[in-house]
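**Student:** Dropping a structure here in C-alpha cells format, bear with me for questions.
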Amino acid sequence: MAKAENKREDLKRRLQEDGIEYLLTQFVDIHGSAKTKMVPISHFDDVVDTGAGFAGGALWGMGQGPHAHDMLARIDLSTYTPLPWQPKIARFASDLFVDNKPHPYCPRQNLKRVLGGLKDQGYVLNVGIEPEHFLVTRNDDGSIAVWDPAGAESLEKPCYDFKGISPAMDYLRDLMDGMAKLGWDPYQSDHEDANGQYEVNFIYDDALITSDRYTFFKMMTSQFAQKYGAIATHMPKPFTDRTGSAGHIHYHMADASSGENVFMDESDEQGLGLSEMAYHFIGGVLAHAPALVAITSPTVNCYKRLQVGRSALTGSRSGFTWTPAFISYGDNNRTQMIRTAGPGHFEDRTVSGGANPYLALAAYVAAGMDGVKRKLDPGKANFENNYALSLEEIEKRGIKVLPQSLKEALEELKKDDVIQSALGPIAGEFINLKEMEWNRYHRQVTQWEIDQYLTLF
C-alpha cells in the first residue's frame, strides 16, 4: 500500500511539473474505439480511487442497458501520456469497474485477465504492431480521395517513394517527435504500398502496454492529420484498387522472470531458429485461425483485403495485396499468414488495422497456448510463393484458406470454445453485434450492383 501511495504522490508531482491541468480518462468499446471523459486535475484522486462514470448502454458491446449501474473508469497510473498535440492535457488508459468489481465486458480488463493467466504459467507475451493507415480527404459527394497536396501520388508502386512521402514528412515528424517524447522509441516511418498510405514503427513491449500505445497512436493520427487538412483512417480497405491497411503483429514469448525469449532455439532443424514451444504455439494459432480471424479481422471491410486467388496478385494498383489468406507459416516469406522474421520472432500479417488490440491479443494468446497445451504440430514450414499457386495447388498441399467473409468467420467462432473463452462474456456481445453488422451490410445495394445489373436483364 505504501508503495502505491508513493507512486501516486510521485505522479502528482510530475503532473504539476509538466503543467497538466486536465486528464482524459480513456478506455475502449468493443470496436477498440477510444472513449474519454475530461477531468480537471483537482479531481485526480477521484479517478484513481473511484473512477469517471459512464453509461454503458450508450456504447457498443459493454454488456449494459439503460437500467445498468454506472461503469467507472479508473485510471492506470503507469499509462500517463501527455498529449503531444495539445498542452496541459494528459491521457490515462483506464479499466472499467461496476459496483466496485472489474467489469468483464471491458476489453482491457479482459486482456489483463488472459495475460495474468499466462504469467501464472511463467510467461509474458512481447508484441509490436505495424500501424498502417491512410491520409485521405472527403469530397463534396461524400466519397474519399487520397490526400495529395503536391499532386505526386500517381505511381502504381509508390512504396518508399520519396516524392510520395515528402508532403507527409511534417505529419510523420509530428507523430515521431510525439512518440519519442513519450518514450516509445519510434525507429522508422515510410510510405507504404498504397497511394496515401503510411506507417510509423515503434519498439515492442508487453502486450498490454502495446495495446495501450496502439490505441493512443490512432488518437494521435486523427489529431495531427487535421493539422494538414487530412483525415487519418485505419479502415482496413478504403480503396478498391489499393492495398489495405493492416496492424501486423510481431511477437515472441518470454520467460516472466528472466525475460529470455522462449521461442528461440538456434539448433532448430528447419533453420528458422524456433523452439519446440514456438512450434506448438504456431500449431495452436493455425488450428484456431478460422475462428481467430473473426477477432483479428472483425469488420465486413476487413475481408476485402483477405482475398485469395487472382486478387492476391491483382487486387491493387501495385500488383500485390501483401495480405496472405492462407493458413500457413514459413520463413521470411510475406505470402504466409505467419512469417518467421528472425530466430524466435513471428509476424502475423493477417491482423487488420480495424482490430481491437485488447481482444485480438487475448484471443491470440488463447489460441497459441492451446497449441502449447496440446503439443500441436504445425507441420513443415512452407517456403513457396503462395501467391503464385493456384487454388487447386494450394488444396493439393493441404493448405487451408482463411474465411473469405465476416459471416464465414463468425460461423467458425461460434464453434470454437477456446477463442470464445478468451473473450469471456464479451464473446456473446461480439457475435451478436457482428451478425447485426453483416446483416446490415448484406442488405445494402451498392454502386457496383447498379453498374453491373441495371441494364443486364
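Ordering of the C-alpha cells sets the chain letters (A, B, ...); residue numbers start at 1 within each chain; ligands are numbered from 1 in the order shown.
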Do you have, as CSV, the list of residues of stretch 390-435 of chain A lying at most 7 Å from stretch 289-294 of chain A, each with its nearest atom pair and that distance in Å to one decimal, counting only C-alpha atoms and ordered by chain then number?

**Tutor:**
residue,atom,partner,partner_atom,distance
A:Leu402,CA,A:Pro290,CA,5.6
A:Pro403,CA,A:Pro290,CA,6.1
A:Leu406,CA,A:Ala294,CA,6.7
A:Ala409,CA,A:Ala294,CA,5.0
A:Leu410,CA,A:Ala294,CA,6.0
A:Glu412,CA,A:Ala291,CA,4.7
A:Leu413,CA,A:Ala291,CA,4.2
A:Asp416,CA,A:Ala291,CA,6.4
A:Ile419,CA,A:Leu292,CA,6.5

**Student:** Give me the residues near stretch 177-186 of chain A as a PyMOL selection string, where near means some atom within 6 Å (using only C-alpha atoms) and where sequence neighbours in that chain fewer than 6 positions away do not count.

**Tutor:** chain A and resi 84+201-203

**Student:** Residues of stretch 169-241 of chain A that have any atom at most 9 Å from an atom of stretch 135-142 of chain A: could you tabulate them with the shortest-distance atom pair and the distance in Å to one decimal, using only C-alpha atoms, ordered by chain and increasing number, as CSV?

**Tutor:**
residue,atom,partner,partner_atom,distance
A:Gly196,CA,A:Leu135,CA,5.5
A:Gln197,CA,A:Leu135,CA,6.5
A:Tyr198,CA,A:Leu135,CA,7.9
A:Ala225,CA,A:Leu135,CA,7.2
A:Gly229,CA,A:Thr137,CA,7.6
A:Ala230,CA,A:Thr137,CA,5.4
A:Ile231,CA,A:Val136,CA,5.2
A:Ala232,CA,A:Leu135,CA,4.7
A:Thr233,CA,A:Leu135,CA,6.4

**Student:** Now that the selection is made, can you save its residues with C-alpha atoms as a short mmCIF file (atom, residue, chain, number, x, y, z; two decimals), in the first residue's frame?

**Tutor:**
data_model
loop_
_atom_site.label_atom_id
_atom_site.label_comp_id
_atom_site.auth_asym_id
_atom_site.auth_seq_id
_atom_site.Cartn_x
_atom_site.Cartn_y
_atom_site.Cartn_z
CA GLY A 196 -1.59 7.94 -49.39
CA GLN A 197 -0.64 5.10 -47.02
CA TYR A 198 1.95 5.46 -44.25
CA ALA A 225 -3.83 14.74 -39.67
CA GLY A 229 -6.23 19.14 -43.87
CA ALA A 230 -6.44 15.34 -43.93
CA ILE A 231 -8.38 12.54 -42.31
CA ALA A 232 -6.30 9.70 -40.88
CA THR A 233 -8.10 6.40 -41.35
#

**Student:** Find the spatial neighbours of A:Thr335, counting only C-alpha atoms, within a cut-off of 10 Å - ignore same-chain residues fewer than 2 positions away - and output them as a count of residues only.

**Tutor:** 24

**Student:** Report as CSV: every residue of stretch 62-114 of chain A with an atom at most 6 Å from stretch 34-58 of chain A, its closest pair of atoms, and their distance in Å to one decimal, counting only C-alpha atoms, with rows sorted by chain and ascending residue number.

**Tutor:**
residue,atom,partner,partner_atom,distance
A:Met62,CA,A:Gly56,CA,5.7
A:Gln64,CA,A:Gly57,CA,4.9
A:Gly65,CA,A:Gly57,CA,4.3
A:Pro66,CA,A:Gly57,CA,5.2
A:Asp70,CA,A:Ala55,CA,5.4
A:Met71,CA,A:Phe54,CA,5.1
A:Leu72,CA,A:Gly53,CA,4.5
A:Ala73,CA,A:Gly51,CA,4.6
A:Arg74,CA,A:Gly51,CA,4.2
A:Ile75,CA,A:Val48,CA,5.5

**Student:** Quick check, in Å to one decimal: how far apart do atom CA of A:Arg213 and atom CA of A:Asn126 lie?

**Tutor:** 13.3 Å

**Student:** For A:Arg113, please output as an MDAnalysis selection string all residues within 12 Å (counting only C-alpha atoms; exclusion window: fewer than 4 positions along the same chain).

**Tutor:** chainID A and resid 95 102:109 117:120 208 358:359 361:363 365:366 421:424

**Student:** Let me see the file: selected residues, N, CA and C atoms, as a compact mmCIF listing (two decimals), in the first residue's frame.

**Tutor:**
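So the final result, stored in result-v8.txt, reads:
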# COMPACT_ATOMS: atom_id res chain seq x y z
N ASP A 95 -9.30 1.19 -16.63
CA ASP A 95 -10.02 -0.07 -16.50
C ASP A 95 -11.43 0.21 -15.99
N PRO A 102 -14.20 -5.55 -11.19
CA PRO A 102 -13.76 -5.43 -12.59
C PRO A 102 -14.90 -5.79 -13.54
N HIS A 103 -15.14 -4.94 -14.53
CA HIS A 103 -16.23 -5.18 -15.47
C HIS A 103 -15.78 -6.18 -16.53
N PRO A 104 -16.41 -7.36 -16.59
CA PRO A 104 -15.92 -8.40 -17.51
C PRO A 104 -16.09 -8.06 -18.99
N TYR A 105 -16.86 -7.01 -19.29
CA TYR A 105 -17.04 -6.59 -20.69
C TYR A 105 -16.03 -5.53 -21.11
N CYS A 106 -15.14 -5.17 -20.20
CA CYS A 106 -14.09 -4.19 -20.52
C CYS A 106 -12.97 -4.91 -21.26
N PRO A 107 -12.68 -4.55 -22.52
CA PRO A 107 -11.62 -5.25 -23.26
C PRO A 107 -10.27 -5.22 -22.57
N ARG A 108 -9.95 -4.13 -21.91
CA ARG A 108 -8.64 -4.05 -21.23
C ARG A 108 -8.61 -4.96 -20.01
N GLN A 109 -9.68 -4.97 -19.23
CA GLN A 109 -9.75 -5.88 -18.10
C GLN A 109 -9.64 -7.33 -18.56
N GLY A 117 -3.28 -15.03 -16.51
CA GLY A 117 -3.20 -16.48 -16.59
C GLY A 117 -1.92 -16.95 -17.25
N LEU A 118 -1.47 -16.19 -18.26
CA LEU A 118 -0.22 -16.54 -18.93
C LEU A 118 0.97 -16.37 -17.97
N LYS A 119 0.93 -15.29 -17.19
CA LYS A 119 2.03 -15.05 -16.25
C LYS A 119 2.06 -16.11 -15.16
N ASP A 120 0.88 -16.61 -14.78
CA ASP A 120 0.84 -17.70 -13.80
C ASP A 120 1.56 -18.94 -14.31
N LEU A 208 -0.03 -5.71 -23.10
CA LEU A 208 -0.95 -4.69 -22.59
C LEU A 208 -0.44 -3.30 -22.91
N TYR A 358 -6.88 -5.20 -27.76
CA TYR A 358 -7.09 -5.92 -26.50
C TYR A 358 -7.78 -7.26 -26.74
N LEU A 359 -8.78 -7.28 -27.59
CA LEU A 359 -9.48 -8.52 -27.89
C LEU A 359 -8.63 -9.42 -28.76
N LEU A 361 -5.34 -9.68 -29.07
CA LEU A 361 -4.20 -10.31 -28.39
C LEU A 361 -4.67 -11.31 -27.34
N ALA A 362 -5.82 -11.07 -26.71
CA ALA A 362 -6.36 -12.05 -25.77
C ALA A 362 -6.69 -13.34 -26.50
N ALA A 363 -7.34 -13.22 -27.66
CA ALA A 363 -7.69 -14.41 -28.45
C ALA A 363 -6.44 -15.10 -28.96
N VAL A 365 -3.38 -15.17 -27.64
CA VAL A 365 -2.73 -15.91 -26.56
C VAL A 365 -3.43 -17.24 -26.31
N ALA A 366 -4.77 -17.20 -26.28
CA ALA A 366 -5.53 -18.43 -26.03
C ALA A 366 -5.30 -19.46 -27.11
N SER A 421 -13.74 -18.46 -25.04
CA SER A 421 -13.37 -18.36 -23.62
C SER A 421 -12.35 -17.25 -23.39
N ALA A 422 -11.53 -16.96 -24.40
CA ALA A 422 -10.54 -15.88 -24.28
C ALA A 422 -11.19 -14.52 -24.14
N LEU A 423 -12.42 -14.39 -24.59
CA LEU A 423 -13.13 -13.11 -24.53
C LEU A 423 -14.11 -13.05 -23.36
N GLY A 424 -14.32 -14.17 -22.67
CA GLY A 424 -15.30 -14.18 -21.59
C GLY A 424 -16.68 -13.81 -22.12

**Student:** Closest to A:Ile282 among A:Phe217, A:Glu199, A:Lys375, A:Gln223, using only C-alpha atoms?

**Tutor:**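 Using only C-alpha atoms, the shortest distance to A:Ile282 belongs to A:Lys375.
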
**Student:** My list of candidates is A:Ser154, A:Leu111, A:Gly344, A:Asp255. Which is closest to A:Asp268 when distances are computed with only C-alpha atoms?

**Tutor:**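 Of all the options, A:Gly344 lies closest to A:Asp268.
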
**Student:** Which residue gives the smallest distance to A:Val300 among A:Asp370, A:Glu276, A:Glu435, A:Asp190, with only C-alpha atoms counted?

**Tutor:**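 Checking each of A:Asp370, A:Glu276, A:Glu435, A:Asp190 against A:Val300, counting only C-alpha atoms, the winner is A:Glu435.
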
**Student:** From a backbone DSSP assignment, name each residue in stretch 55-135 of chain A labelled helix (DSSP H, G or I), as a VMD selection string.

**Tutor:** chain A and resid 56 to 58 77 to 79 107 to 120
